[in-house]
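Novice: Have a look at this one.
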Amino acid sequence: MTTRRSMLGAALATTGAGLFTSAALAPLVLAAAREDDPATAPAAAPRVTPFSVPLPIPPVLAPESTKGGVDTYRMTLRPARVEILPGVRTEVLTYNGSFPGPTIRARSGRPVVVHHTNALDVPASVHLHGASVPQSSDGDPMDTFGPGRTRTYTYPNRQPHASLWYHDHAHHSEAEHVFRGLSGSYLLTDDLEQSLPLPSGAYDIPIALRDARFDDRGALVYVMDDVPGRTTLLANGRPQPYLKVAARKYRLRLLNSSNMRFFHLRLSDGAALTQIGSDGGLLPAPHTTDALWLSPGERVDLVVDFGRYPVGAQVVLENTVGPGTPGEVGQVMRFDVVRTAADPSSVPARLRTLPPLCLLYPS
Ligand SMILES: [Cu+2]
């Protein structure tokens with residue numbers, strides 16, 4: 001996302017306020033889409049009945065070695081045919097055949113090495129978004145590895161916990177490669193985060209939100225800057241899925257992996273969302289809100305307490321901004337409360353202590 005991230009970076013530098021920046025930039029980015037271009041007119045995609053498929057959870061990648069305190073992984077970038085729309089096989093680009101890619105779970109102070117083999121017919125470059133890495137492992141857009149080549153990336157993880165995002169970064173093809181599936185979560189944890197009683201394990205769920213456009217046979221249609229045409233919303237690679245949940249607290253790690261679409265999210269009953277984290281990890285204290293923006297590339301960690309609902313209740317995660325009609329893009333996914341469960345988790349009033357900014361940038 002070089003161009004857009006540069007723009008976001010510039011805006012952040014001048015405003016310093018993430019939420020305000022997202023809201024302020026949305027009209028600029030959306031206005032850039034060419035609504036009068038017939039090439040961006042919505043395709044006649046097969047209609048999807050909302051909440052007819054379960055939310056998949058991307059597999060957690062197992063290291064091939066943990067020798068010497070280094071977790072070593074192997075991934076292959078390759079095309080795959082996967083079921084996105086119900087009953088239809090769609091050609092996508094993947095890490096290890098998974099759409100979106102497998103999740104890597106890492107720990108601060110413990111390096112990760114990933115050997116990426118390119119089984120595509122185009123050059124690739126892998127960027128770990130939000131990570132502090134050596135320049136040689138940054139996945140520079142011009143620093144690609146071609147078909148048949150293997151490239152090793154080293155991530156020292158000398159930074160605090162955060163929900164990070166890996167994705168393709170190859171010059172001139174990054175947006176299309178990410179659109180076609182080269183995107184995955186990298187969840188970095190540390191002792192501080194682990195010491196907190198937040199929902200964890202099966203109750204800590206990464207959810208990548210994005211838009212997509214399909215033709216009438218269910219093939220992905222990529223047109224640059226085509227926000228108006230991408231009116232099918234995907235969560236973890238499936239359209240408007242449902243997730244069966246227990247009546248207890250869950251940690252939901254949202255990522256917006258769209259090229260350009262902004263989401264403005266709320267629960268259908270207007271219930272409170274407790275934001276505990278952002279791109280840089282946990283907030284100093286939980287932030288309670290009834291709606292939040294999620295800009296492209298942004299991560300937001302939420303705790304939602306489904307314990308306030310009776311078994312049998314259903315609550316929809318809604319999106320209140322276009323492009324697209326509310327019927328197309330208004331409903332992101334649904335949570336179905338199907339059972340009770342013990343809930344030893346809680347959200348502390350203080351999550352972490354951040355150093356004052358003046359210490360990071362001494363005059
Ligand atoms: Cu990025």
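So you can find residues: chains in the structure tokens are A, B, ... in the order shown, residues in each start at 1, and ligands are numbered from 1 in order.
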Kindly work out which residues sit at most 12 Å from ligand 1, using only C-alpha atoms and all ligand atoms, and give the list as a ChimeraX atom specification.

Specialist: /A:1-6,8-9,125-131,138-141,164-170,174-175,178,182-185,255-259,279,295-299

Novice: Write the residues of the preceding selection, restricted to C-alpha atoms, as a short mmCIF file (atom, residue, chain, number, x, y, z; two decimals), in the first residue's frame.

Specialist:
data_model
loop_
_atom_site.label_atom_id
_atom_site.label_comp_id
_atom_site.auth_asym_id
_atom_site.auth_seq_id
_atom_site.Cartn_x
_atom_site.Cartn_y
_atom_site.Cartn_z
CA MET A 1 0.00 0.00 0.00
CA THR A 2 2.89 2.30 -0.69
CA THR A 3 0.99 5.23 -2.15
CA ARG A 4 -1.90 5.14 0.27
CA ARG A 5 0.31 4.48 3.28
CA SER A 6 2.46 7.44 2.31
CA LEU A 8 -1.88 8.15 5.56
CA GLY A 9 1.56 8.71 7.00
CA SER A 125 7.75 -9.32 -2.24
CA VAL A 126 6.50 -9.90 1.31
CA HIS A 127 6.03 -6.95 3.65
CA LEU A 128 5.27 -7.29 7.36
CA HIS A 129 3.09 -4.25 7.94
CA GLY A 130 3.80 -2.54 11.26
CA ALA A 131 6.98 -4.46 12.06
CA ASP A 138 11.29 -5.15 4.71
CA GLY A 139 9.81 -6.44 1.45
CA ASP A 140 10.68 -3.31 -0.46
CA PRO A 141 8.47 -3.00 -3.60
CA LEU A 164 0.51 -7.09 12.42
CA TRP A 165 -0.31 -7.85 8.78
CA TYR A 166 1.80 -9.51 6.10
CA HIS A 167 0.98 -8.94 2.46
CA ASP A 168 2.48 -8.74 -1.00
CA HIS A 169 4.36 -5.56 -1.79
CA ALA A 170 5.61 -6.04 -5.37
CA GLU A 174 0.71 -5.08 -4.80
CA ALA A 175 -2.90 -3.86 -4.88
CA VAL A 178 -3.56 -8.32 -2.10
CA LEU A 182 -1.84 -12.42 -0.70
CA SER A 183 -2.64 -11.24 2.82
CA GLY A 184 -2.43 -12.74 6.31
CA SER A 185 -2.19 -12.00 10.04
CA LEU A 255 -8.03 -6.06 10.05
CA ASN A 256 -9.16 -4.11 7.00
CA SER A 257 -7.31 -5.80 4.13
CA SER A 258 -9.25 -3.94 1.41
CA ASN A 259 -7.31 -1.95 -1.16
CA ASP A 279 -2.11 -0.91 15.02
CA SER A 295 -9.32 2.25 7.26
CA PRO A 296 -7.42 0.12 4.72
CA GLY A 297 -4.48 -1.59 6.43
CA GLU A 298 -5.74 -0.64 9.90
CA ARG A 299 -6.13 -3.10 12.80
#

Novice: Go through region 190-215 of chain A and flag each residue having an atom no more than 8 Å from region 236-245 of chain A; for those, report the closest pair of atoms plus their distance in Å to one decimal, using only C-alpha atoms, ordered by chain and rising number, as JSON lines.

Specialist:
{"residue": "A:Ile207", "atom": "CA", "partner": "A:Asn236", "partner_atom": "CA", "distance": 5.7}
{"residue": "A:Ala208", "atom": "CA", "partner": "A:Asn236", "partner_atom": "CA", "distance": 5.0}
{"residue": "A:Leu209", "atom": "CA", "partner": "A:Asn236", "partner_atom": "CA", "distance": 6.6}

Novice: Grab the residues selected above and save them as a PDB file, in the first residue's frame with all heavy atoms.

Specialist:
ATOM      1  N   ILE A 207     -10.122 -11.452  12.458  1.00  0.00           N
ATOM      2  CA  ILE A 207     -11.149 -11.333  11.411  1.00  0.00           C
ATOM      3  C   ILE A 207     -10.677 -10.290  10.404  1.00  0.00           C
ATOM      4  O   ILE A 207     -10.620  -9.097  10.712  1.00  0.00           O
ATOM      5  CB  ILE A 207     -12.515 -10.916  11.992  1.00  0.00           C
ATOM      6  CG1 ILE A 207     -12.971 -11.909  13.070  1.00  0.00           C
ATOM      7  CG2 ILE A 207     -13.559 -10.820  10.881  1.00  0.00           C
ATOM      8  CD1 ILE A 207     -14.295 -11.533  13.740  1.00  0.00           C
ATOM      9  N   ALA A 208     -10.319 -10.760   9.201  1.00  0.00           N
ATOM     10  CA  ALA A 208      -9.890  -9.851   8.136  1.00  0.00           C
ATOM     11  C   ALA A 208     -11.104  -9.466   7.298  1.00  0.00           C
ATOM     12  O   ALA A 208     -11.771 -10.325   6.724  1.00  0.00           O
ATOM     13  CB  ALA A 208      -8.832 -10.526   7.263  1.00  0.00           C
ATOM     14  N   LEU A 209     -11.399  -8.167   7.265  1.00  0.00           N
ATOM     15  CA  LEU A 209     -12.529  -7.661   6.484  1.00  0.00           C
ATOM     16  C   LEU A 209     -12.017  -7.051   5.186  1.00  0.00           C
ATOM     17  O   LEU A 209     -10.973  -6.397   5.173  1.00  0.00           O
ATOM     18  CB  LEU A 209     -13.285  -6.580   7.273  1.00  0.00           C
ATOM     19  CG  LEU A 209     -13.781  -6.968   8.659  1.00  0.00           C
ATOM     20  CD1 LEU A 209     -14.514  -5.783   9.289  1.00  0.00           C
ATOM     21  CD2 LEU A 209     -14.686  -8.179   8.575  1.00  0.00           C
TER      22      LEU A 209
END

Novice: Compile the contact shell of Leu77 (chain A) as a list of chain:residue names: residues with an atom at most 6 Å away, counting only C-alpha atoms, same-chain residues fewer than 4 positions apart removed.

Specialist: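 Residues near the query, excluding close chain neighbours: A:Thr94, A:Tyr95, A:Asn118, A:Ala119.
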
Novice: Could those residues be written to a file, using all heavy atoms, as an mmCIF file, in the first residue's frame?

Specialist:
data_model
loop_
_atom_site.group_PDB
_atom_site.id
_atom_site.type_symbol
_atom_site.label_atom_id
_atom_site.label_comp_id
_atom_site.auth_asym_id
_atom_site.auth_seq_id
_atom_site.Cartn_x
_atom_site.Cartn_y
_atom_site.Cartn_z
ATOM 1 N N THR A 94 -2.418 -17.283 -3.115
ATOM 2 C CA THR A 94 -2.393 -17.621 -1.691
ATOM 3 C C THR A 94 -0.977 -17.788 -1.147
ATOM 4 O O THR A 94 -0.018 -17.983 -1.889
ATOM 5 C CB THR A 94 -3.105 -18.970 -1.425
ATOM 6 O OG1 THR A 94 -2.292 -20.028 -1.962
ATOM 7 C CG2 THR A 94 -4.490 -19.011 -2.032
ATOM 8 N N TYR A 95 -0.902 -17.706 0.165
ATOM 9 C CA TYR A 95 0.223 -18.258 0.907
ATOM 10 C C TYR A 95 -0.226 -19.642 1.378
ATOM 11 O O TYR A 95 -1.236 -19.757 2.104
ATOM 12 C CB TYR A 95 0.556 -17.382 2.114
ATOM 13 C CG TYR A 95 0.990 -15.969 1.766
ATOM 14 C CD1 TYR A 95 0.101 -14.904 1.867
ATOM 15 C CD2 TYR A 95 2.292 -15.702 1.343
ATOM 16 C CE1 TYR A 95 0.499 -13.604 1.563
ATOM 17 C CE2 TYR A 95 2.696 -14.411 1.035
ATOM 18 C CZ TYR A 95 1.799 -13.363 1.146
ATOM 19 O OH TYR A 95 2.195 -12.086 0.838
ATOM 20 N N ASN A 118 8.324 -18.767 -4.244
ATOM 21 C CA ASN A 118 7.386 -18.165 -5.188
ATOM 22 C C ASN A 118 6.990 -19.180 -6.264
ATOM 23 O O ASN A 118 7.749 -19.450 -7.190
ATOM 24 C CB ASN A 118 8.019 -16.924 -5.825
ATOM 25 C CG ASN A 118 7.046 -16.191 -6.726
ATOM 26 O OD1 ASN A 118 5.947 -16.683 -7.005
ATOM 27 N ND2 ASN A 118 7.446 -15.018 -7.190
ATOM 28 N N ALA A 119 5.799 -19.752 -6.132
ATOM 29 C CA ALA A 119 5.274 -20.667 -7.153
ATOM 30 C C ALA A 119 4.217 -19.964 -8.009
ATOM 31 O O ALA A 119 3.358 -20.612 -8.618
ATOM 32 C CB ALA A 119 4.698 -21.923 -6.496
#

Novice: As a short mmCIF file (atom, residue, chain, number, x, y, z; two decimals) with N, CA, C and O atoms, in the first residue's frame, please: all residues of region 8-257 of chain A that backbone DSSP puts in alpha helix (DSSP H).

Specialist:
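Once everything was written out, this is out26.cif:
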data_model
loop_
_atom_site.label_atom_id
_atom_site.label_comp_id
_atom_site.auth_asym_id
_atom_site.auth_seq_id
_atom_site.Cartn_x
_atom_site.Cartn_y
_atom_site.Cartn_z
N LEU A 8 -1.44 8.26 4.17
CA LEU A 8 -1.88 8.15 5.56
C LEU A 8 -0.80 8.64 6.49
O LEU A 8 -1.06 9.33 7.46
N GLY A 9 0.45 8.29 6.16
CA GLY A 9 1.56 8.71 7.00
C GLY A 9 1.64 10.22 7.07
O GLY A 9 1.81 10.81 8.14
N ALA A 10 1.48 10.87 5.92
CA ALA A 10 1.55 12.32 5.89
C ALA A 10 0.41 12.91 6.71
O ALA A 10 0.60 13.86 7.47
N ALA A 11 -0.78 12.31 6.57
CA ALA A 11 -1.92 12.84 7.31
C ALA A 11 -1.73 12.64 8.80
O ALA A 11 -2.03 13.51 9.60
N LEU A 12 -1.19 11.46 9.18
CA LEU A 12 -0.97 11.20 10.60
C LEU A 12 0.03 12.19 11.17
O LEU A 12 -0.11 12.66 12.28
N ALA A 13 1.05 12.50 10.36
CA ALA A 13 2.08 13.40 10.85
C ALA A 13 1.49 14.78 11.14
O ALA A 13 1.92 15.48 12.03
N THR A 14 0.46 15.15 10.37
CA THR A 14 -0.08 16.49 10.55
C THR A 14 -1.21 16.52 11.57
O THR A 14 -1.41 17.51 12.24
N THR A 15 -1.96 15.42 11.70
CA THR A 15 -3.09 15.45 12.63
C THR A 15 -2.80 14.69 13.91
O THR A 15 -3.29 15.05 14.96
N GLY A 18 -5.57 9.05 14.82
CA GLY A 18 -5.92 7.96 13.92
C GLY A 18 -7.38 7.95 13.52
O GLY A 18 -7.70 7.87 12.34
N LEU A 19 -8.28 8.04 14.49
CA LEU A 19 -9.69 7.96 14.16
C LEU A 19 -10.11 9.14 13.31
O LEU A 19 -10.81 9.00 12.32
N PHE A 20 -9.67 10.32 13.68
CA PHE A 20 -10.02 11.50 12.91
C PHE A 20 -9.47 11.39 11.50
O PHE A 20 -10.13 11.70 10.52
N THR A 21 -8.23 10.86 11.41
CA THR A 21 -7.60 10.73 10.10
C THR A 21 -8.42 9.81 9.21
O THR A 21 -8.68 10.12 8.06
N SER A 22 -8.85 8.66 9.77
CA SER A 22 -9.63 7.73 8.97
C SER A 22 -10.88 8.41 8.44
O SER A 22 -11.21 8.33 7.27
N ALA A 23 -11.59 9.09 9.34
CA ALA A 23 -12.84 9.70 8.95
C ALA A 23 -12.60 10.80 7.93
O ALA A 23 -13.32 10.94 6.95
N ALA A 24 -11.53 11.56 8.14
CA ALA A 24 -11.29 12.69 7.25
C ALA A 24 -10.84 12.24 5.87
O ALA A 24 -11.14 12.87 4.87
N LEU A 25 -10.12 11.12 5.81
CA LEU A 25 -9.60 10.68 4.52
C LEU A 25 -10.62 9.93 3.69
O LEU A 25 -10.50 9.88 2.48
N ALA A 26 -11.62 9.35 4.34
CA ALA A 26 -12.55 8.50 3.60
C ALA A 26 -13.13 9.20 2.37
O ALA A 26 -13.09 8.67 1.27
N PRO A 27 -13.66 10.43 2.50
CA PRO A 27 -14.24 11.06 1.32
C PRO A 27 -13.21 11.29 0.22
O PRO A 27 -13.50 11.17 -0.95
N LEU A 28 -11.96 11.60 0.60
CA LEU A 28 -10.93 11.84 -0.40
C LEU A 28 -10.67 10.59 -1.21
O LEU A 28 -10.63 10.61 -2.43
N VAL A 29 -10.51 9.47 -0.51
CA VAL A 29 -10.17 8.23 -1.20
C VAL A 29 -11.35 7.76 -2.03
O VAL A 29 -11.21 7.35 -3.17
N LEU A 30 -12.55 7.84 -1.47
CA LEU A 30 -13.71 7.35 -2.20
C LEU A 30 -13.97 8.22 -3.43
O LEU A 30 -14.38 7.74 -4.47
N ALA A 31 -13.70 9.51 -3.32
CA ALA A 31 -13.92 10.39 -4.46
C ALA A 31 -12.97 10.06 -5.60
O ALA A 31 -13.24 10.34 -6.75
N ALA A 32 -11.83 9.42 -5.25
CA ALA A 32 -10.85 9.09 -6.28
C ALA A 32 -11.34 7.95 -7.18
O ALA A 32 -10.85 7.77 -8.28
N GLU A 174 1.09 -4.84 -6.19
CA GLU A 174 0.71 -5.08 -4.80
C GLU A 174 -0.80 -5.05 -4.60
O GLU A 174 -1.39 -5.96 -4.00
N ALA A 175 -1.46 -4.00 -5.12
CA ALA A 175 -2.90 -3.86 -4.88
C ALA A 175 -3.65 -5.07 -5.44
O ALA A 175 -4.51 -5.65 -4.77
N GLU A 176 -3.28 -5.47 -6.67
CA GLU A 176 -3.97 -6.62 -7.28
C GLU A 176 -3.64 -7.91 -6.54
O GLU A 176 -4.51 -8.75 -6.32
N HIS A 177 -2.38 -8.07 -6.14
CA HIS A 177 -2.00 -9.31 -5.43
C HIS A 177 -2.72 -9.41 -4.09
O HIS A 177 -3.16 -10.50 -3.70
N VAL A 178 -2.83 -8.29 -3.38
CA VAL A 178 -3.56 -8.32 -2.10
C VAL A 178 -5.04 -8.59 -2.36
O VAL A 178 -5.67 -9.40 -1.68
N PHE A 179 -5.59 -7.94 -3.40
CA PHE A 179 -6.99 -8.18 -3.77
C PHE A 179 -7.23 -9.66 -4.07
O PHE A 179 -8.25 -10.25 -3.69
N ASP A 191 5.16 -10.61 27.13
CA ASP A 191 4.85 -10.95 28.52
C ASP A 191 3.74 -10.05 29.08
O ASP A 191 2.87 -10.52 29.81
N LEU A 192 3.81 -8.77 28.73
CA LEU A 192 2.81 -7.85 29.27
C LEU A 192 1.40 -8.24 28.82
O LEU A 192 0.49 -8.37 29.64
N GLU A 193 1.26 -8.49 27.53
CA GLU A 193 -0.07 -8.87 27.02
C GLU A 193 -0.53 -10.18 27.64
O GLU A 193 -1.69 -10.34 28.02
N GLN A 194 0.41 -11.13 27.77
CA GLN A 194 0.05 -12.45 28.31
C GLN A 194 -0.33 -12.38 29.79
O GLN A 194 -1.01 -13.27 30.30
#

Novice: Please provide as a short mmCIF file (atom, residue, chain, number, x, y, z; two decimals) with N, CA and C atoms, in the first residue's frame all residues within 7 Å of region 282-287 of chain A, with the sequence filter that same-chain residues fewer than 6 positions apart are discarded (counting only C-alpha atoms).

Specialist:
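The resulting result-v2.cif:
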data_model
loop_
_atom_site.label_atom_id
_atom_site.label_comp_id
_atom_site.auth_asym_id
_atom_site.auth_seq_id
_atom_site.Cartn_x
_atom_site.Cartn_y
_atom_site.Cartn_z
N THR A 274 -15.96 -2.43 22.97
CA THR A 274 -14.83 -2.04 23.80
C THR A 274 -13.56 -2.22 22.99
N GLN A 275 -12.98 -1.09 22.57
CA GLN A 275 -11.72 -1.18 21.81
C GLN A 275 -10.57 -1.27 22.81
N ILE A 276 -9.75 -2.31 22.65
CA ILE A 276 -8.61 -2.46 23.56
C ILE A 276 -7.28 -2.23 22.84
N ALA A 349 -9.01 -2.07 33.71
CA ALA A 349 -9.20 -0.63 33.46
C ALA A 349 -7.91 0.00 32.92
N ARG A 350 -6.75 -0.58 33.28
CA ARG A 350 -5.47 -0.14 32.71
C ARG A 350 -4.87 -1.31 31.95
N LEU A 351 -4.49 -1.10 30.71
CA LEU A 351 -3.95 -2.19 29.89
C LEU A 351 -2.43 -2.12 29.80
N ARG A 352 -1.90 -0.94 29.68
CA ARG A 352 -0.44 -0.79 29.57
C ARG A 352 -0.09 0.66 29.86
N THR A 353 1.19 0.88 30.10
CA THR A 353 1.69 2.24 30.27
C THR A 353 2.60 2.56 29.09
N LEU A 354 2.27 3.61 28.38
CA LEU A 354 3.09 4.01 27.24
C LEU A 354 4.01 5.15 27.67
#
